Structure formats: C-alpha cells, structure tokens
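Structure data follow from input01.txt (compact mmCIF, C-alpha atoms and all ligand atoms):
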# COMPACT_ATOMS: atom_id res chain seq x y z
CA MET K 204 3.61 -9.95 35.32
CA ILE K 205 2.16 -10.65 31.93
CA ASN K 206 4.11 -12.03 29.02
CA LYS K 207 4.72 -9.97 25.93
CA PHE K 208 3.96 -11.45 22.52
CA ASN K 209 6.89 -13.17 20.82
CA GLU K 210 5.88 -11.77 17.46
CA PRO K 211 4.47 -8.26 16.93
CA ILE K 212 0.69 -8.03 16.73
CA MET K 213 -0.14 -5.38 14.17
CA ILE K 214 -3.29 -3.27 13.86
CA THR K 215 -4.45 -5.21 10.80
CA ARG K 216 -3.44 -7.82 8.27
CA SER K 217 -4.61 -7.59 4.67
CA LEU K 218 -7.25 -10.04 3.59
CA LEU K 219 -5.65 -11.90 0.67
CA PRO K 220 -6.90 -14.73 -1.55
CA SER K 221 -5.09 -18.05 -1.82
CA LEU K 222 -2.28 -17.94 -4.36
CA ASP K 223 -3.96 -20.75 -6.31
CA ASN K 224 -7.17 -18.80 -6.77
CA PHE K 225 -5.27 -15.66 -7.65
CA ASN K 226 -3.17 -17.58 -10.18
CA ASN K 227 -6.33 -18.75 -11.91
CA GLN K 228 -7.40 -15.13 -12.24
CA LEU K 229 -3.97 -14.14 -13.55
CA LYS K 230 -4.05 -16.94 -16.09
CA GLU K 231 -7.27 -15.55 -17.55
CA ILE K 232 -5.80 -12.05 -17.72
CA TRP K 233 -2.61 -13.32 -19.38
CA GLU K 234 -4.62 -15.25 -21.94
CA SER K 235 -6.83 -12.28 -22.79
CA LYS K 236 -3.85 -9.86 -22.80
CA TRP K 237 -6.31 -7.24 -21.50
CA VAL K 238 -4.51 -5.83 -18.47
CA THR K 239 -6.12 -2.43 -17.93
CA ASN K 240 -8.60 0.08 -19.45
CA ASN K 241 -12.02 -1.14 -18.40
CA GLY K 242 -11.43 -4.81 -19.17
CA PRO K 243 -13.55 -7.85 -18.30
CA LYS K 244 -12.28 -8.08 -14.70
CA ASN K 245 -13.29 -4.46 -14.10
CA LYS K 246 -16.74 -5.17 -15.50
CA GLU K 247 -17.08 -8.31 -13.42
CA LEU K 248 -15.99 -6.49 -10.26
CA ILE K 249 -18.43 -3.65 -10.88
CA GLU K 250 -21.30 -6.13 -11.14
CA ALA K 251 -20.18 -8.03 -8.04
CA LEU K 252 -19.86 -4.82 -6.01
CA LYS K 253 -23.19 -3.43 -7.20
CA ASP K 254 -24.69 -6.64 -5.95
CA TYR K 255 -22.81 -6.69 -2.66
CA LEU K 256 -23.37 -3.01 -1.88
CA THR K 257 -26.91 -3.02 -3.34
CA VAL K 258 -26.32 0.14 -5.37
CA ASP K 259 -27.43 0.88 -8.94
CA ASP K 260 -24.10 2.04 -10.28
CA LEU K 261 -20.52 2.66 -9.26
CA SER K 262 -17.23 3.73 -10.76
CA LEU K 263 -13.90 2.09 -9.90
CA PHE K 264 -10.73 4.09 -9.22
CA SER K 265 -7.05 3.31 -8.77
CA ASN K 266 -7.41 4.33 -5.11
CA GLY K 267 -9.97 5.82 -2.78
CA THR K 268 -8.30 9.23 -2.61
CA LEU K 269 -8.49 9.72 -6.39
CA GLY K 270 -12.09 8.51 -6.25
CA LEU K 271 -12.85 11.23 -3.73
CA LEU K 272 -10.81 13.88 -5.50
CA LEU K 273 -12.33 13.20 -8.91
CA GLY K 274 -15.81 12.52 -7.54
CA ILE K 275 -15.74 16.00 -6.00
CA LYS K 276 -14.34 17.36 -9.27
CA SER K 277 -17.28 15.89 -11.19
CA LEU K 278 -19.73 17.81 -8.97
CA GLU K 279 -18.18 21.14 -10.06
CA LEU K 280 -18.17 22.71 -6.61
CA SER K 281 -16.71 26.06 -5.62
CA GLY K 282 -15.87 28.05 -2.50
CA GLU K 283 -16.22 26.31 0.85
CA VAL K 284 -17.07 22.78 1.90
CA ILE K 285 -18.09 21.98 5.47
CA THR K 286 -16.24 18.93 6.75
CA THR K 287 -14.79 17.23 9.79
CA PRO K 288 -11.30 17.67 11.25
CA PHE K 289 -11.41 14.12 12.63
CA THR K 290 -10.53 12.10 9.54
CA PHE K 291 -7.70 10.69 7.47
CA PRO K 292 -5.69 13.43 5.64
CA ALA K 293 -7.02 12.22 2.25
CA THR K 294 -10.53 13.57 2.96
CA VAL K 295 -9.40 17.16 3.29
CA ALA K 296 -6.63 16.83 0.68
CA ALA K 297 -9.33 15.98 -1.88
CA LEU K 298 -10.87 19.40 -1.21
CA GLU K 299 -7.49 21.13 -1.39
CA TRP K 300 -6.71 19.58 -4.79
CA ASN K 301 -10.06 20.88 -6.05
CA GLY K 302 -9.26 24.41 -4.92
CA LEU K 303 -11.95 24.23 -2.23
CA THR K 304 -11.62 25.65 1.27
CA PRO K 305 -12.51 23.31 4.11
CA VAL K 306 -14.66 24.70 6.90
CA PHE K 307 -14.14 22.51 9.94
CA CYS K 308 -17.19 21.49 11.95
CA ASP K 309 -16.93 19.93 15.40
CA ILE K 310 -17.81 16.26 15.90
CA ASP K 311 -20.42 14.32 17.84
CA HIS K 312 -19.08 13.02 21.15
CA VAL K 313 -20.59 9.53 20.71
CA THR K 314 -20.13 8.68 17.01
CA LEU K 315 -17.13 11.01 16.43
CA ASN K 316 -18.76 11.95 13.09
CA ILE K 317 -19.42 15.52 11.94
CA ASP K 318 -21.99 17.02 14.34
CA ALA K 319 -25.07 17.48 12.14
CA ASN K 320 -26.48 20.04 14.58
CA LYS K 321 -23.51 22.36 14.11
CA ILE K 322 -23.38 22.41 10.30
CA GLU K 323 -26.00 25.08 9.68
CA SER K 324 -24.18 27.76 11.70
CA LEU K 325 -21.12 27.34 9.45
CA ILE K 326 -22.94 27.90 6.15
CA THR K 327 -22.00 31.08 4.26
CA GLU K 328 -22.70 32.38 0.77
CA ARG K 329 -19.60 30.55 -0.38
CA THR K 330 -20.65 27.10 0.91
CA SER K 331 -21.27 24.58 -1.87
CA ALA K 332 -21.25 21.19 -0.12
CA ILE K 333 -21.01 19.12 3.04
CA LEU K 334 -18.37 16.40 3.16
CA GLY K 335 -19.06 13.92 5.96
CA VAL K 336 -17.01 10.89 6.92
CA HIS K 337 -18.59 7.70 8.27
CA VAL K 338 -15.86 7.47 10.89
CA PHE K 339 -14.89 3.90 11.81
CA GLY K 340 -17.85 2.78 9.70
CA ASN K 341 -20.50 4.43 11.88
CA PRO K 342 -22.93 6.34 9.66
CA CYS K 343 -23.28 10.11 9.90
CA GLU K 344 -26.72 11.50 10.73
CA VAL K 345 -27.66 11.25 7.09
CA ASP K 346 -31.26 12.48 7.40
CA LYS K 347 -30.37 15.60 9.36
CA ILE K 348 -27.49 16.40 7.03
CA GLN K 349 -29.69 15.96 3.95
CA LYS K 350 -32.29 18.31 5.41
CA VAL K 351 -29.75 21.07 5.98
CA ALA K 352 -28.32 20.47 2.50
CA ASP K 353 -31.75 20.66 0.87
CA ASN K 354 -32.57 23.89 2.68
CA TYR K 355 -29.43 25.57 1.39
CA HIS K 356 -29.05 23.73 -1.97
CA LEU K 357 -25.79 22.09 -1.01
CA LYS K 358 -24.32 18.86 -2.30
CA VAL K 359 -23.61 16.06 0.17
CA ILE K 360 -20.56 13.85 -0.20
CA TYR K 361 -19.62 10.99 2.10
CA ASP K 362 -16.18 9.56 2.62
CA GLY K 363 -17.24 5.98 3.25
CA ALA K 364 -13.71 4.58 3.24
CA HIS K 365 -14.48 2.68 6.47
CA ALA K 366 -18.06 1.84 5.65
CA PHE K 367 -17.89 -0.97 3.09
CA GLY K 368 -20.96 -3.16 3.48
CA VAL K 369 -22.57 -0.93 6.11
CA LYS K 370 -26.34 -0.76 6.02
CA LEU K 371 -28.49 1.81 7.78
CA ASN K 372 -32.15 0.89 8.34
CA GLY K 373 -31.59 -1.79 5.72
CA ASN K 374 -30.31 0.71 3.13
CA SER K 375 -26.85 0.55 1.65
CA ILE K 376 -24.60 3.30 3.02
CA GLY K 377 -23.68 4.08 -0.60
CA LYS K 378 -27.17 5.39 -1.30
CA PHE K 379 -27.10 8.51 0.89
CA GLY K 380 -26.19 12.00 -0.23
CA ASP K 381 -25.05 12.80 -3.76
CA MET K 382 -21.96 10.65 -3.63
CA THR K 383 -20.09 8.14 -1.47
CA ILE K 384 -16.52 6.99 -1.86
CA PHE K 385 -15.08 3.69 -0.72
CA SER K 386 -11.44 2.80 -0.28
CA PHE K 387 -10.12 -0.61 -1.25
CA HIS K 388 -6.67 -0.05 0.23
CA ALA K 389 -4.88 -3.09 1.64
CA THR K 390 -5.72 -1.98 5.21
CA LYS K 391 -9.45 -1.92 4.49
CA LEU K 392 -11.56 -5.03 5.09
CA PHE K 393 -12.41 -5.40 1.41
CA ASN K 394 -9.32 -4.55 -0.64
CA THR K 395 -7.86 -4.59 -4.14
CA ILE K 396 -4.41 -3.77 -2.62
CA GLU K 397 -4.91 -0.20 -3.85
CA GLY K 398 -8.28 0.84 -5.18
CA GLY K 399 -11.55 2.58 -4.56
CA ALA K 400 -15.06 3.21 -5.84
CA VAL K 401 -17.57 6.01 -6.06
CA THR K 402 -21.33 5.59 -5.88
CA PHE K 403 -23.57 8.48 -6.90
CA LYS K 404 -27.15 9.62 -7.22
CA ASP K 405 -27.05 11.55 -10.51
CA LYS K 406 -26.98 8.91 -13.27
CA THR K 407 -25.20 11.23 -15.70
CA LEU K 408 -22.12 11.08 -13.46
CA SER K 409 -21.43 7.55 -14.65
CA LYS K 410 -20.15 8.73 -18.02
CA LYS K 411 -18.47 11.82 -16.58
CA LEU K 412 -16.46 9.81 -14.04
CA GLN K 413 -15.46 7.33 -16.73
CA LEU K 414 -14.14 10.23 -18.83
CA ILE K 415 -12.39 12.00 -15.97
CA LYS K 416 -10.44 8.91 -14.92
CA ASN K 417 -9.38 8.14 -18.50
CA PHE K 418 -7.85 11.42 -19.75
CA GLY K 419 -11.27 12.66 -20.92
CA ILE K 420 -11.02 10.29 -23.88
CA SER K 421 -14.36 9.10 -25.26
CA GLY K 422 -13.24 7.69 -28.62
CA PRO K 423 -10.14 7.07 -30.73
CA GLU K 424 -10.03 10.71 -31.81
CA THR K 425 -12.23 12.44 -29.21
CA VAL K 426 -11.22 14.10 -25.97
CA GLU K 427 -14.21 15.61 -24.19
CA LEU K 428 -12.73 17.16 -21.07
CA PRO K 429 -9.43 17.66 -19.25
CA GLY K 430 -9.16 14.28 -17.57
CA ILE K 431 -6.50 12.42 -15.68
CA ASN K 432 -5.47 8.79 -15.20
CA ALA K 433 -7.08 7.07 -12.22
CA LYS K 434 -8.10 3.68 -13.58
CA LEU K 435 -8.15 0.47 -11.59
CA ASN K 436 -6.16 -2.12 -13.54
CA GLU K 437 -7.27 -5.68 -14.29
CA ILE K 438 -4.92 -7.25 -11.74
CA GLN K 439 -6.32 -5.06 -8.97
CA ALA K 440 -9.83 -5.98 -10.12
CA ALA K 441 -8.90 -9.68 -10.03
CA VAL K 442 -7.65 -9.33 -6.44
CA GLY K 443 -10.98 -7.69 -5.64
CA LEU K 444 -13.00 -10.50 -7.21
CA GLU K 445 -11.20 -13.07 -5.07
CA VAL K 446 -11.15 -10.99 -1.85
CA LEU K 447 -14.88 -10.27 -2.14
CA LYS K 448 -15.54 -14.01 -1.85
CA LEU K 449 -13.72 -13.98 1.50
CA VAL K 450 -15.56 -10.96 2.93
CA PRO K 451 -18.61 -12.71 4.48
CA GLU K 452 -16.39 -15.14 6.40
CA GLU K 453 -14.00 -12.35 7.46
CA ARG K 454 -16.95 -10.32 8.78
CA LYS K 455 -18.10 -13.32 10.85
CA LYS K 456 -14.63 -13.73 12.32
CA ARG K 457 -14.37 -10.03 13.13
CA HIS K 458 -17.80 -10.09 14.71
CA HIS K 459 -16.60 -12.81 17.04
CA ILE K 460 -13.36 -10.94 17.83
CA LYS K 461 -15.31 -7.76 18.51
CA GLN K 462 -17.51 -9.61 21.00
CA LEU K 463 -14.49 -11.16 22.66
CA TYR K 464 -12.86 -7.74 23.06
CA GLU K 465 -16.09 -6.28 24.45
CA THR K 466 -16.50 -9.05 27.00
CA ASN K 467 -12.93 -8.78 28.19
CA LEU K 468 -12.63 -5.00 28.23
CA LYS K 469 -15.97 -3.97 29.65
CA SER K 470 -15.01 -4.31 33.30
CA ILE K 471 -11.77 -2.31 32.98
CA PRO K 472 -12.22 1.21 34.42
CA GLY K 473 -11.72 4.15 32.07
CA ILE K 474 -12.41 2.34 28.79
CA ARG K 475 -15.31 3.27 26.55
CA ILE K 476 -15.93 0.96 23.61
CA LEU K 477 -17.17 2.66 20.45
CA THR K 478 -20.24 0.72 19.45
CA LYS K 479 -22.44 0.92 16.44
CA HIS K 480 -25.81 2.51 15.89
CA LYS K 481 -28.78 0.26 16.79
CA LYS K 482 -30.21 0.11 13.29
CA GLN K 483 -26.90 -0.37 11.59
CA GLU K 484 -24.87 -3.28 10.34
CA SER K 485 -21.21 -2.82 11.28
CA SER K 486 -18.37 -2.46 8.78
CA TYR K 487 -16.03 -4.38 11.12
CA GLN K 488 -13.29 -2.06 9.88
CA PHE K 489 -11.83 -1.06 13.24
CA PHE K 490 -12.13 -1.87 16.91
CA VAL K 491 -11.80 1.42 18.75
CA ILE K 492 -11.70 2.31 22.43
CA GLU K 493 -11.55 5.60 24.26
CA ILE K 494 -9.32 6.05 27.27
CA ASP K 495 -10.44 8.27 30.12
CA LYS K 496 -7.18 9.34 31.75
CA ARG K 497 -8.57 9.88 35.24
CA GLU K 498 -10.41 6.56 35.49
CA PHE K 499 -7.86 4.49 33.59
CA GLY K 500 -4.89 5.89 35.51
CA MET K 501 -2.90 7.00 32.47
CA ASN K 502 -3.61 8.68 29.17
CA ARG K 503 -4.05 7.18 25.70
CA ASN K 504 -0.52 8.09 24.61
CA GLN K 505 1.01 6.32 27.58
CA LEU K 506 -1.09 3.20 26.95
CA HIS K 507 -0.17 3.27 23.25
CA GLU K 508 3.54 3.41 24.18
CA MET K 509 3.33 0.75 26.89
CA LEU K 510 1.53 -1.69 24.61
CA LYS K 511 4.53 -1.54 22.26
CA ASP K 512 6.64 -3.04 25.06
CA TYR K 513 4.31 -6.04 24.91
CA ASN K 514 4.62 -6.21 21.10
CA VAL K 515 1.05 -4.89 20.61
CA PHE K 516 0.87 -2.16 17.95
CA THR K 517 -2.16 0.11 18.15
CA ARG K 518 -2.98 3.27 16.17
CA LYS K 519 -4.17 6.71 17.25
CA TYR K 520 -6.57 7.18 14.32
CA PHE K 521 -7.06 10.15 13.52
CA TYR K 522 -4.24 11.97 15.20
CA PRO K 523 -3.38 14.77 14.42
CA LEU K 524 -6.61 16.57 13.53
CA CYS K 525 -6.66 17.88 9.94
CA SER K 526 -7.49 21.34 11.32
CA ASN K 527 -4.03 21.37 12.93
CA PHE K 528 -2.18 21.01 9.63
CA SER K 529 0.07 24.07 9.21
CA TRP K 530 -1.74 25.05 5.99
CA TYR K 531 -5.11 25.16 7.77
CA GLN K 532 -4.32 26.20 11.33
CA ASP K 533 -5.02 29.88 10.66
CA LEU K 534 -8.52 29.29 9.29
CA PRO K 535 -11.19 30.64 11.67
CA SER K 536 -12.97 27.26 11.69
CA ALA K 537 -9.71 25.47 12.61
CA GLN K 538 -9.36 27.20 15.97
CA GLN K 539 -9.38 24.89 18.96
CA LYS K 540 -12.16 26.84 20.70
CA ASN K 541 -14.49 25.98 17.79
CA LEU K 542 -13.65 22.27 17.87
CA PRO K 543 -13.74 21.28 21.55
CA ILE K 544 -15.05 17.73 21.08
CA ALA K 545 -12.63 16.92 18.26
CA HIS K 546 -9.72 18.14 20.40
CA GLU K 547 -10.90 16.10 23.37
CA LYS K 548 -11.53 12.89 21.42
CA VAL K 549 -8.36 12.92 19.35
CA GLU K 550 -6.40 12.55 22.60
CA LYS K 551 -8.51 9.59 23.77
CA VAL K 552 -9.14 7.16 20.92
CA LEU K 553 -7.10 4.06 20.25
CA SER K 554 -7.59 1.43 17.54
CA LEU K 555 -6.71 -2.09 18.68
CA PRO K 556 -5.47 -4.96 16.48
CA PHE K 557 -8.49 -6.15 14.51
CA TYR K 558 -8.54 -8.71 11.71
CA GLY K 559 -9.93 -12.18 11.13
CA GLY K 560 -6.57 -13.82 11.76
CA VAL K 561 -6.16 -12.77 15.41
CA THR K 562 -6.81 -15.78 17.58
CA ASN K 563 -9.10 -15.88 20.63
CA GLN K 564 -6.00 -16.46 22.72
CA GLU K 565 -4.34 -13.34 21.34
CA VAL K 566 -7.38 -11.14 21.92
CA LYS K 567 -7.61 -12.44 25.47
CA GLN K 568 -3.93 -11.72 26.04
CA ILE K 569 -4.21 -8.17 24.62
CA CYS K 570 -7.10 -7.52 27.03
CA ASP K 571 -5.15 -9.04 29.95
CA ILE K 572 -2.20 -6.78 29.13
CA ILE K 573 -4.46 -3.70 29.05
CA GLU K 574 -6.03 -4.73 32.35
CA PHE K 575 -2.61 -5.30 33.90
CA ILE K 576 -1.40 -1.89 32.71
CA GLN K 577 -4.55 -0.27 34.11
CA THR K 578 -4.24 -2.00 37.49
CA SER K 579 -0.57 -1.07 37.83
CA ALA K 580 -1.29 2.52 36.75
CA SER K 581 -4.12 3.01 39.22
CA ASN K 582 -2.00 1.48 42.04
CA THR K 583 0.85 3.91 41.34
CA SER K 584 -1.39 6.94 40.97
CA SER K 585 -3.21 6.26 44.26
CA GLU K 586 0.01 5.81 46.21
C1 LIG K 601 -8.20 4.86 3.71
C2 LIG K 601 -8.91 6.16 3.72
C3 LIG K 601 -8.91 7.01 2.60
C4 LIG K 601 -7.97 6.84 1.44
O1 LIG K 601 -8.19 5.77 0.67
P1 LIG K 601 -7.03 5.22 -0.27
O2 LIG K 601 -7.72 4.11 -1.00
O3 LIG K 601 -5.92 4.72 0.62
O4 LIG K 601 -6.59 6.31 -1.15
C5 LIG K 601 -9.73 8.13 2.61
N1 LIG K 601 -10.46 8.44 3.70
C6 LIG K 601 -10.45 7.68 4.80
C7 LIG K 601 -11.31 8.07 5.95
C8 LIG K 601 -9.65 6.53 4.85
O5 LIG K 601 -9.60 5.80 5.97
Would you put the structure from the file into structure tokens?
Amino acid sequence: MINKFNEPIMITRSLLPSLDNFNNQLKEIWESKWVTNNGPKNKELIEALKDYLTVDDLSLFSNGTLGLLLGIKSLELSGEVITTPFTFPATVAALEWNGLTPVFCDIDHVTLNIDANKIESLITERTSAILGVHVFGNPCEVDKIQKVADNYHLKVIYDGAHAFGVKLNGNSIGKFGDMTIFSFHATKLFNTIEGGAVTFKDKTLSKKLQLIKNFGISGPETVELPGINAKLNEIQAAVGLEVLKLVPEERKKRHHIKQLYETNLKSIPGIRILTKHKKQESSYQFFVIEIDKREFGMNRNQLHEMLKDYNVFTRKYFYPLCSNFSWYQDLPSAQQKNLPIAHEKVEKVLSLPFYGGVTNQEVKQICDIIEFIQTSASNTSSE
C-alpha cells in the first residue's frame, strides 16, 4: 500500500511575490494616485516584457481572452477561421464573439497542435485566417502554417497562452504569424493574477489596440472607433513586475521537477510523456502524460479518479473538445470522423501537478502512487 497525501496536491500554485515587495509597489501606486489607464507601472511592465520576450512591441490586456478577442477584432476578419478543437474554450469563444465561424482541423498526434498538413484541405472562399494554439507550450509548425497562409492570403493568429518565454530556433514565439496572445492568468507560470498581452507584426496595430481597449478614446473630446474596456490596471501591472523577477528561478525549479517526473515515470508501462521540440526552449507551463489504456491497465479517467483518493488532483486539459460544444456540434468540421486524432487524444491526456513549490519527495510519491495503481490494475486485468 502507498500512503495518500495528508494535504491535497493541486495541479498548480500561483507564483506570487513576497508581500513586502508587493507592498513597496503598492506604496508607489498610492503615492502617485495613478491606478489605471496606461500608468507608469503599465509602461514599466511593457518594457520589461518586451525585453523578456524579445519582441518589438506588445499591448497589455485585462485578461488573455480579451486580448485574443480584441486582437482578432483589430485584424478585421470575416467568414471562417481554421482552428483546433483541442484547446481551452476561450480560443474558440474569441472567434464566436467576433462573429466568425470556426472550422475545426484535426491535431498532430505527437504535439497535439493543429495538424499543419490538414489545414489546406479546409480552406474555402470564406476562410480569412488560421488560429493555432501552442498547446502546452509546444510550438505549432509555424513555417508550414505560414506557407499555407501566404499562398491563400490568410492571417495567422497564435494563442500562445501556454507559451510564455518559449523560443523556437532562438526566436521568440511571439514573433510568428500576424499576432500572438499570451495569458497572465494566475494559473499561468508568469501571471498578473488576471491579465494578458498581444504581440503583433503590423506596427499600426499598436495604436489600434490601444484605442480598442480604451473605448476608442484618443483624446479628451475624440472617439475614433467603437471600443470597449479591456485595460490592465496598475495593481495588476505591479504584480507582473514582481512576478517577472521570480520567473527565471521558477523555470529552473520546474525544469528539475520535469526531469524528476521523467526519470520516475519512464519505466511505467502505458505512459507517454509529452516532450518538447528539439530546437525549442520549454514554457514549463504543464507536465502532461498520455495514458494508453491497454498497456497501463486502466484508462485516463480511471487514473484521474483514483489519484483523487490519494489527494492528488490532476486535470484532463482539454476535455471536452471545443468541437463537441452544443453550439458547434452540427458543423461539418466538428464531426468525429473528421477529427480522429483529437478524439483519441482527448481521452488520453492528463496534466500532473506542476509548480516550483512541489518538493522532490512529493514528485517521487506521486510517481510511486501512479506506479502502484498501474501494477495493481495490470494484476487485476490479467487475472
Ligand atoms: C488560459 C488560457 C486562455 C485564457 O486566458 P485568460 O487570461 O484566462 O483569459 C486562452 N487560451 C488558452 C489556451 C489558455 O490556456
């Protein structure tokens, strides 16, 4: 028998600054009385993030979803957008709120990203863009996608919510396609509690995004376009400034935890560990495994449930598929026969607890529990 944890082990724990450091930030904000509307903390955070992400420009938003929604809005798209069913609901909701129809494309069986080889066959006269997601921080096939987009004059947007700090061949992930959005939600490695950012290729979008997220107001008596309110406030920006200082150390810790998981899980039958691309620097956002029911002795859902008995809380990201939402399930592209890999993978993937604060001992115990469950399962199934 293996002991359960006394306290629940959750999937993640937000990276937060020390209260002292945060108080110093707050003191400055209180003294300046500038609490929102593009204040000094916003400006400071933009510079720090441009530096960290090595991008020329970026626009901050009150959350990643509004960044995506309004980023797409700024591109003035119409008709259909080819995207993945294997993502967080926000990706596809951002299309919906722009009056765009998603066309679901199946995913790659290794990276679980949109399958770049299947995009072209889904293009119609109504297609205006491709919306890829760097799932679990692993980059999409950006070169292939760009080639298809160039051939058909389509825009390329990336949901990079998991990809903060990812580099591909030494290039920042925020430099591919026409636009990339990042989420700074509390569950993301770098966070402002709620928040997000958009990076973009077309320099004129800088002003447009600024207008869109601030009611379209460009001066005391001028409103240039029908905007909305999606500003990051100064307190969120201050959290970001402090959390960003902690990111390098957190990445190191997660790197170590990732290695520890890999070492301890690799000999367990029926587990595939999702690894990163060779020429890529990881986002360390998630640690994800795939369960092969036959080899492991039980399916992902059963493992997910059993782990709860040991006080280990895992997540089935991204279950259910967006193509299964009732408002999309009748779309031709949403049919199961067109999305075989997505349907297979969504039943297999499991995200394990992953944050700098998990101890070596805890990781080891989680792996021992999984091994024990596997051994017991295979003993029962072979009886
Ligand atoms: C977290 C996440 C979002 C949403 O970001 P918020 O900042 O929470 O609005 C969008 N897409 C993906 C893939 C995400 O994981």
For each of K:Leu449, K:Val566, K:Ala441, K:Leu524, take the minimum atom-to-atom distance to Thr239 (chain K), counting all atoms listed in the file, then give the residue where this is smallest.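 Checking each of K:Leu449, K:Val566, K:Ala441, K:Leu524 against Thr239 (chain K), counting all atoms listed in the file, the winner is K:Ala441.
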Build an axis-aligned box that encloses every atom of ligand LIG 601 (chain K) listed in the file, pad it by 8 Å on each side, and report its centre and edge lengths in Å to one decimal, as JSON.
{"center_x": -8.6, "center_y": 6.3, "center_z": 2.4, "size_x": 21.4, "size_y": 20.3, "size_z": 23.1}
Contact table chain K vs ligand LIG 601 (chain K), cut-off 6 Å, shortest pair per residue, all atoms listed in the file, as CSV:
residue,atom,partner,partner_atom,distance
K:Asn266,CA,K:LIG601,O2,4.1
K:Gly267,CA,K:LIG601,O2,3.3
K:Thr268,CA,K:LIG601,O4,3.7
K:Thr290,CA,K:LIG601,C7,5.5
K:Phe291,CA,K:LIG601,C7,4.7
K:Ala293,CA,K:LIG601,C5,4.9
K:Thr294,CA,K:LIG601,N1,5.2
K:Asp362,CA,K:LIG601,N1,5.9
K:Ala364,CA,K:LIG601,C6,4.8
K:His365,CA,K:LIG601,O5,5.8
K:Ser386,CA,K:LIG601,O2,4.0
K:Phe387,CA,K:LIG601,O2,5.3
K:His388,CA,K:LIG601,O2,4.5
K:Glu397,CA,K:LIG601,O2,5.9
K:Gly398,CA,K:LIG601,O2,5.3
K:Gly399,CA,K:LIG601,O2,5.4
Answer as a list in words, residues within 9 Å of (-19.9, 5.0, 1.1) using only C-alpha atoms: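 Residues satisfying the cut-off, written out: Val336, His337, Ile360, Tyr361, Asp362, Gly363, Ala364, His365, Ala366, Phe367, Gly368, Val369, Ser375, Ile376, Gly377, Lys378, Phe379, Met382, Thr383, Ile384, Phe385, Ser386, Ala400, Val401 and Thr402 of chain K.
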So that I can see what lies close to region 216-227 of chain K, please list as an MDAnalysis selection string the residues with an atom at most 7 Å from it, counting only C-alpha atoms and leaving out residues fewer than 5 positions away in the same chain. chainID K and resid 389:390 392 442 445:446 558
What is the distance between CA of Gln539 (chain K) and CA of Cys343 (chain K), in Å to one decimal?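 Separating CA of Gln539 (chain K) from CA of Cys343 (chain K) is a distance of 22.2 Å.
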Å distance separating CA of Asn241 (chain K) from CA of Lys434 (chain K), one decimal place: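 Rounded to one decimal, the two atoms are 7.9 Å apart.
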When you count only C-alpha atoms, which of these residues is closest to Val313 (chain K): K:Leu477, K:Val258, K:Gly430, K:Ile471?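 Using only C-alpha atoms, the shortest distance to Val313 (chain K) belongs to K:Leu477.
Each of K:Glu427, K:Glu247, K:Asp260, K:Glu484 was compared to Asn341 (chain K) using all atoms listed in the file, and K:Glu484 turns out to be the nearest.
Compared by their closest atoms to Val359 (chain K), and using all atoms listed in the file, the residues K:Ala297, K:Ile285, K:Ile569, K:Ile431 rank with K:Ile285 nearest.
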At what distance in Å, to one decimal, does CA of Leu444 (chain K) lie from CA of Glu250 (chain K)?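 Computing it gives 10.2 Å between the two atoms.
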With distances taken over all atoms listed in the file, which residue among K:Phe557, K:Lys244, K:Gln483, K:Asp381 lies nearest Glu231 (chain K)? K:Lys244
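Among the candidates K:Ser262, K:Ser277, K:Thr562, K:Thr583, the residue lying nearest to Lys411 (chain K) is K:Ser277 (atoms considered: all atoms listed in the file).
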Need the shell around Phe516 (chain K): protein/DNA/RNA residues with any atom at most 9 Å away, counting only C-alpha atoms. Skip same-chain ones fewer than 2 positions apart. Format as an MDAnalysis selection string? chainID K and resid 211:214 507:508 510:511 513:514 518 555:556
With a distance cut-off of 8 Å and all atoms listed in the file, select the neighbouring residues of Phe289 (chain K), excluding the residue or stretch itself and same-chain residues fewer than 5 positions from it, and output the selection as a compact mmCIF listing (two decimals) with C-alpha atoms, keeping the file's coordinate frame.
# COMPACT_ATOMS: atom_id res chain seq x y z
CA ILE K 310 -17.81 16.26 15.90
CA LEU K 315 -17.13 11.01 16.43
CA ASN K 316 -18.76 11.95 13.09
CA PHE K 521 -7.06 10.15 13.52
CA TYR K 522 -4.24 11.97 15.20
CA LEU K 524 -6.61 16.57 13.53
CA CYS K 525 -6.66 17.88 9.94
CA ALA K 545 -12.63 16.92 18.26
CA VAL K 549 -8.36 12.92 19.35
Near Ile275 (chain K), counting only C-alpha atoms, which residues have an atom at most 8 Å away, once you skip same-chain residues fewer than 2 positions from it, shown as a list in words?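 In the requested format, the answer is Leu271, Leu272, Leu273, Ser277, Leu278, Glu279, Leu280, Ala297, Leu298, Asn301 and Ile360 of chain K.
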Excluding Lys519 (chain K) and any residue of its chain fewer than 5 positions from it, enumerate the residues within 7 Å of it, using all atoms listed in the file, and give them as a PyMOL selection string. chain K and resi 552-554
Distance cut-off 6 Å, centre (2.5, -6.4, 29.9) in file coordinates, counting only C-alpha atoms: which residues qualify? Return them as a ChimeraX atom specification. /K:205-207,513,572
